[in-house]
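Here the structure comes first, spelled out in structure tokens, and everything after it is commentary.
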Amino acid sequence: MAVLLERAAPAQDSSHIAHEVFDDVRAGRPVVVSDVESGRVVLALAAEPATTEEMAFVIRFGSGLVTVSLPADRCRVLGLPPMLPAGEVTPGAPTDFAVSVDAVAGVGTGISAADRACTLRALADDRFGHADFTRPGHVLVVGVAADAAASYGCARELGELARRAGLSGVVSFADLVSVRDETQMADAGEAFEFAAEHGLRVVSVQQIREL
């Protein structure tokens, strides 16, 4: 990562942090998003400007499992139904996962960083429709309704962050692996350590909700 950015601090004014984070989101840079309440930390990458290099970074440090926050209306257009009917979902498991996909054009096996970046960009591009994706694929999809109070992995908040940055609201994310113990996931306390090391900005789910 060649971009060196100042470390955001929790005590800063939320609007100031958001303004700087918006610039990074629009530029296609990963953003560290921390949920203070749950302790979860994810790397988020907006769809439209996503590059192979930045997707590879997210895959490397984000456990490899890339999920995409996709507006429910876009899921319907693309014919991406829920992974399971609500009545068949294991109690306590997320209910908003949709069928996973790969883009058809420009994609090989679907699993590489280049392939997943291509799929991500296609999901955000209204020129691509139902026939432009294979199902199932290597990119997990979380369908987010406009009135959703909560969603898996703060997908609703990540979509709102992308929309406030002037983008479509399609954004990928992956849980951050701990820098202290690679067998575990990072907690909120490690968000700033990782961001400082890689020159990334940090924003919390709670700050996004205040926008």
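Residue numbering restarts at 1 in every chain; chains get A, B, ... in the order shown in the structure tokens, and ligands count up from 1 in that same order.
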
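Residues in contact range of Asp102 in chain A, defined as at most 9 Å between only C-alpha atoms, with sequence neighbours fewer than 3 positions away removed, read Val107, Thr109, Gly110, Ile111, Asp115, Arg116, Cys118, Thr119, Leu120, Asp132, Phe133, Thr134, Arg135, Pro136, Gly137, His138 and Val139 of chain A.
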
Those residues you just picked out, can you put them in a file as a compact mmCIF listing (two decimals), in the first residue's frame with all heavy atoms?
# COMPACT_ATOMS: atom_id res chain seq x y z
N VAL A 107 -13.71 -13.32 -16.33
CA VAL A 107 -13.45 -14.08 -15.11
C VAL A 107 -13.02 -15.49 -15.46
O VAL A 107 -13.58 -16.12 -16.36
CB VAL A 107 -14.71 -14.11 -14.21
CG1 VAL A 107 -14.54 -15.09 -13.07
CG2 VAL A 107 -15.00 -12.71 -13.67
N THR A 109 -11.53 -18.76 -12.94
CA THR A 109 -12.14 -19.65 -11.95
C THR A 109 -13.10 -18.91 -11.03
O THR A 109 -13.97 -19.51 -10.40
CB THR A 109 -11.07 -20.33 -11.09
OG1 THR A 109 -10.36 -19.32 -10.35
CG2 THR A 109 -10.10 -21.11 -11.95
N GLY A 110 -12.92 -17.59 -10.91
CA GLY A 110 -13.76 -16.78 -10.02
C GLY A 110 -13.14 -16.50 -8.67
O GLY A 110 -13.60 -15.60 -7.96
N ILE A 111 -12.09 -17.21 -8.31
CA ILE A 111 -11.55 -17.11 -6.96
C ILE A 111 -10.40 -16.12 -6.83
O ILE A 111 -10.09 -15.66 -5.73
CB ILE A 111 -11.11 -18.50 -6.45
CG1 ILE A 111 -10.85 -18.48 -4.94
CG2 ILE A 111 -9.87 -18.98 -7.20
CD1 ILE A 111 -12.06 -18.19 -4.10
N ASP A 115 -10.43 -11.82 -10.47
CA ASP A 115 -11.79 -12.27 -10.77
C ASP A 115 -12.81 -11.66 -9.82
O ASP A 115 -13.89 -11.22 -10.22
CB ASP A 115 -11.87 -13.79 -10.69
CG ASP A 115 -11.19 -14.48 -11.87
OD1 ASP A 115 -10.78 -13.77 -12.81
OD2 ASP A 115 -11.07 -15.72 -11.84
N ARG A 116 -12.47 -11.63 -8.53
CA ARG A 116 -13.43 -11.11 -7.56
C ARG A 116 -13.59 -9.60 -7.68
O ARG A 116 -14.68 -9.07 -7.48
CB ARG A 116 -13.04 -11.55 -6.15
CG ARG A 116 -13.40 -13.01 -5.90
CD ARG A 116 -13.29 -13.41 -4.45
NE ARG A 116 -11.95 -13.89 -4.14
CZ ARG A 116 -11.59 -14.37 -2.94
NH1 ARG A 116 -12.48 -14.41 -1.95
NH2 ARG A 116 -10.36 -14.81 -2.73
N CYS A 118 -13.41 -8.05 -10.52
CA CYS A 118 -14.24 -7.94 -11.71
C CYS A 118 -15.71 -8.17 -11.36
O CYS A 118 -16.60 -7.43 -11.80
CB CYS A 118 -13.76 -8.94 -12.76
SG CYS A 118 -14.67 -8.89 -14.32
N THR A 119 -15.98 -9.20 -10.57
CA THR A 119 -17.35 -9.48 -10.15
C THR A 119 -17.92 -8.34 -9.33
O THR A 119 -19.07 -7.94 -9.50
CB THR A 119 -17.40 -10.79 -9.33
OG1 THR A 119 -17.00 -11.88 -10.16
CG2 THR A 119 -18.80 -11.06 -8.80
N LEU A 120 -17.10 -7.80 -8.44
CA LEU A 120 -17.55 -6.69 -7.60
C LEU A 120 -17.96 -5.49 -8.44
O LEU A 120 -19.03 -4.90 -8.23
CB LEU A 120 -16.44 -6.31 -6.63
CG LEU A 120 -16.72 -5.16 -5.66
CD1 LEU A 120 -17.92 -5.46 -4.79
CD2 LEU A 120 -15.48 -4.86 -4.82
N ASP A 132 -25.49 -12.05 -16.78
CA ASP A 132 -24.06 -11.71 -16.71
C ASP A 132 -23.36 -12.30 -15.51
O ASP A 132 -22.18 -12.02 -15.27
CB ASP A 132 -23.90 -10.18 -16.71
CG ASP A 132 -24.39 -9.56 -18.00
OD1 ASP A 132 -23.94 -9.99 -19.07
OD2 ASP A 132 -25.24 -8.65 -17.92
N PHE A 133 -24.07 -13.15 -14.75
CA PHE A 133 -23.48 -13.75 -13.55
C PHE A 133 -23.77 -15.24 -13.51
O PHE A 133 -24.84 -15.68 -13.92
CB PHE A 133 -24.03 -13.09 -12.28
CG PHE A 133 -23.70 -11.63 -12.17
CD1 PHE A 133 -24.55 -10.67 -12.69
CD2 PHE A 133 -22.52 -11.21 -11.56
CE1 PHE A 133 -24.25 -9.32 -12.61
CE2 PHE A 133 -22.21 -9.86 -11.48
CZ PHE A 133 -23.07 -8.92 -12.01
N THR A 134 -22.80 -16.00 -13.00
CA THR A 134 -23.01 -17.42 -12.76
C THR A 134 -23.36 -17.62 -11.29
O THR A 134 -22.90 -16.88 -10.43
CB THR A 134 -21.76 -18.25 -13.11
OG1 THR A 134 -20.65 -17.79 -12.32
CG2 THR A 134 -21.42 -18.10 -14.58
N ARG A 135 -24.14 -18.64 -11.01
CA ARG A 135 -24.62 -18.92 -9.66
C ARG A 135 -24.53 -20.42 -9.38
O ARG A 135 -25.00 -21.19 -10.23
CB ARG A 135 -26.08 -18.47 -9.51
CG ARG A 135 -26.35 -17.04 -9.90
CD ARG A 135 -27.86 -16.83 -10.14
NE ARG A 135 -28.13 -15.49 -10.56
CZ ARG A 135 -27.92 -15.02 -11.80
NH1 ARG A 135 -27.42 -15.82 -12.73
NH2 ARG A 135 -28.21 -13.78 -12.10
N PRO A 136 -23.95 -20.86 -8.26
CA PRO A 136 -23.27 -20.05 -7.25
C PRO A 136 -21.89 -19.64 -7.73
O PRO A 136 -21.41 -20.13 -8.76
CB PRO A 136 -23.17 -20.99 -6.05
CG PRO A 136 -23.07 -22.35 -6.69
CD PRO A 136 -23.95 -22.29 -7.92
N GLY A 137 -21.27 -18.74 -6.96
CA GLY A 137 -19.94 -18.26 -7.33
C GLY A 137 -19.06 -18.09 -6.12
O GLY A 137 -19.31 -18.67 -5.06
N HIS A 138 -18.04 -17.27 -6.27
CA HIS A 138 -17.05 -17.10 -5.21
C HIS A 138 -17.19 -15.81 -4.43
O HIS A 138 -16.40 -15.54 -3.52
CB HIS A 138 -15.64 -17.17 -5.80
CG HIS A 138 -15.32 -18.51 -6.39
ND1 HIS A 138 -15.69 -18.87 -7.68
CD2 HIS A 138 -14.69 -19.59 -5.86
CE1 HIS A 138 -15.28 -20.10 -7.93
NE2 HIS A 138 -14.67 -20.57 -6.85
N VAL A 139 -18.18 -14.98 -4.76
CA VAL A 139 -18.43 -13.74 -4.03
C VAL A 139 -19.75 -13.89 -3.28
O VAL A 139 -20.80 -14.06 -3.89
CB VAL A 139 -18.48 -12.53 -4.98
CG1 VAL A 139 -18.88 -11.27 -4.22
CG2 VAL A 139 -17.12 -12.33 -5.66

Self-check item: Backbone DSSP call of strand (DSSP E) for chain A, listed as a PyMOL selection string
Solution: chain A and resi 31-34+41-46+67-71+97-103+133-144+171-175+202-204

Quiz item: Skipping near chain neighbours, those fewer than 2 positions away, what residues fall within 10 Å of range 46-48 of chain A using only C-alpha atoms, listed as a ChimeraX atom specification?
Solution: /A:24-31,44,50-51,55,68-70,117-125,158-159,161-163,165,167-173

How would the residues just picked look written out with C-alpha atoms as a PDB file, in the first residue's frame?
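again_37.pdb, freshly written:
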ATOM      1  CA  ASP A  24     -10.731   7.162   0.354  1.00  0.00           C
ATOM      2  CA  VAL A  25     -13.902   5.238  -0.492  1.00  0.00           C
ATOM      3  CA  ARG A  26     -14.285   7.133  -3.778  1.00  0.00           C
ATOM      4  CA  ALA A  27     -10.607   6.569  -4.589  1.00  0.00           C
ATOM      5  CA  GLY A  28     -10.956   2.806  -4.187  1.00  0.00           C
ATOM      6  CA  ARG A  29      -8.831   2.513  -1.054  1.00  0.00           C
ATOM      7  CA  PRO A  30      -9.751  -0.013   1.631  1.00  0.00           C
ATOM      8  CA  VAL A  31     -11.171   1.471   4.831  1.00  0.00           C
ATOM      9  CA  ALA A  44     -14.290  -2.414   3.318  1.00  0.00           C
ATOM     10  CA  ALA A  50     -12.150  -1.608  -6.884  1.00  0.00           C
ATOM     11  CA  THR A  51      -8.853  -2.736  -8.398  1.00  0.00           C
ATOM     12  CA  MET A  55      -8.918  -6.638  -3.668  1.00  0.00           C
ATOM     13  CA  VAL A  68     -20.626  -7.866  -0.769  1.00  0.00           C
ATOM     14  CA  SER A  69     -23.304  -5.565   0.597  1.00  0.00           C
ATOM     15  CA  LEU A  70     -25.824  -5.332  -2.241  1.00  0.00           C
ATOM     16  CA  ALA A 117     -12.649  -7.458  -8.288  1.00  0.00           C
ATOM     17  CA  CYS A 118     -14.244  -7.938 -11.712  1.00  0.00           C
ATOM     18  CA  THR A 119     -17.349  -9.484 -10.149  1.00  0.00           C
ATOM     19  CA  LEU A 120     -17.555  -6.693  -7.602  1.00  0.00           C
ATOM     20  CA  ARG A 121     -17.464  -3.981 -10.263  1.00  0.00           C
ATOM     21  CA  ALA A 122     -20.080  -5.814 -12.322  1.00  0.00           C
ATOM     22  CA  LEU A 123     -22.455  -6.059  -9.365  1.00  0.00           C
ATOM     23  CA  ALA A 124     -22.414  -2.260  -9.087  1.00  0.00           C
ATOM     24  CA  ASP A 125     -22.856  -1.666 -12.827  1.00  0.00           C
ATOM     25  CA  LEU A 158     -21.157  -0.097   4.794  1.00  0.00           C
ATOM     26  CA  GLY A 159     -23.633   0.417   1.980  1.00  0.00           C
ATOM     27  CA  LEU A 161     -21.024   4.812   3.720  1.00  0.00           C
ATOM     28  CA  ALA A 162     -20.548   4.095   0.004  1.00  0.00           C
ATOM     29  CA  ARG A 163     -23.749   5.932  -0.920  1.00  0.00           C
ATOM     30  CA  ALA A 165     -19.467   8.912  -0.815  1.00  0.00           C
ATOM     31  CA  LEU A 167     -21.304   5.662  -5.123  1.00  0.00           C
ATOM     32  CA  SER A 168     -23.935   2.980  -5.681  1.00  0.00           C
ATOM     33  CA  GLY A 169     -23.890   1.483  -2.196  1.00  0.00           C
ATOM     34  CA  VAL A 170     -22.300  -1.776  -3.350  1.00  0.00           C
ATOM     35  CA  VAL A 171     -19.292  -2.463  -1.159  1.00  0.00           C
ATOM     36  CA  SER A 172     -17.224  -5.541  -0.350  1.00  0.00           C
ATOM     37  CA  PHE A 173     -15.941  -6.405   3.085  1.00  0.00           C
TER      38      PHE A 173
END

Practice problem: Give me the residues within 10 Å of Ser178 in chain A as a list of chain:residue names, counting only C-alpha atoms and dropping any in the same chain fewer than 3 places off. | Solution: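 What passes the distance filter is A:Val41, A:Phe61, A:Gly62, A:Ser63, A:Asp175, A:Asp181, A:Glu182, A:Thr183, A:Gln184, A:Met185, A:Ala186, A:Asp187, A:Glu190, A:Ala191, A:Phe194.
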
Self-check item: Those of range 5-188 of chain A in DSSP helix (DSSP H, G or I), formatted as a ChimeraX atom specification
Solution: /A:14-26,52-61,72-78,86-88,113-123,130-132,152-164,188

Quiz prompt | Who sits within 10 Å of Cys75 in chain A, only C-alpha atoms, same chain under 3 positions skipped, as a list in words | solution =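 What passes the distance filter is Leu70, Pro71, Ala72, Leu78, Gly79, Leu80, Pro81, Pro82, Ala98, Val99, Leu123, His130, Val141, Val142, Gly143, Val144 and Ala145 of chain A.
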
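If you look at CA of Ala174 in chain A and CA of Leu45 in chain A, they are 9.0 Å away from each other.
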
Quiz item: Just how far from CA of Gly166 in chain A is CA of Glu193 in chain A, in Å to one decimal?
Solution: 28.4 Å

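Among the candidates A:Ser204, A:Val77, A:Arg164, A:Arg209, the one nearest to Asp23 in chain A when counting only C-alpha atoms is A:Arg164.
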
Quiz item: Any idea what the distance is between CA of Ala114 in chain A and CA of Ile59 in chain A?
Solution: 11.0 Å
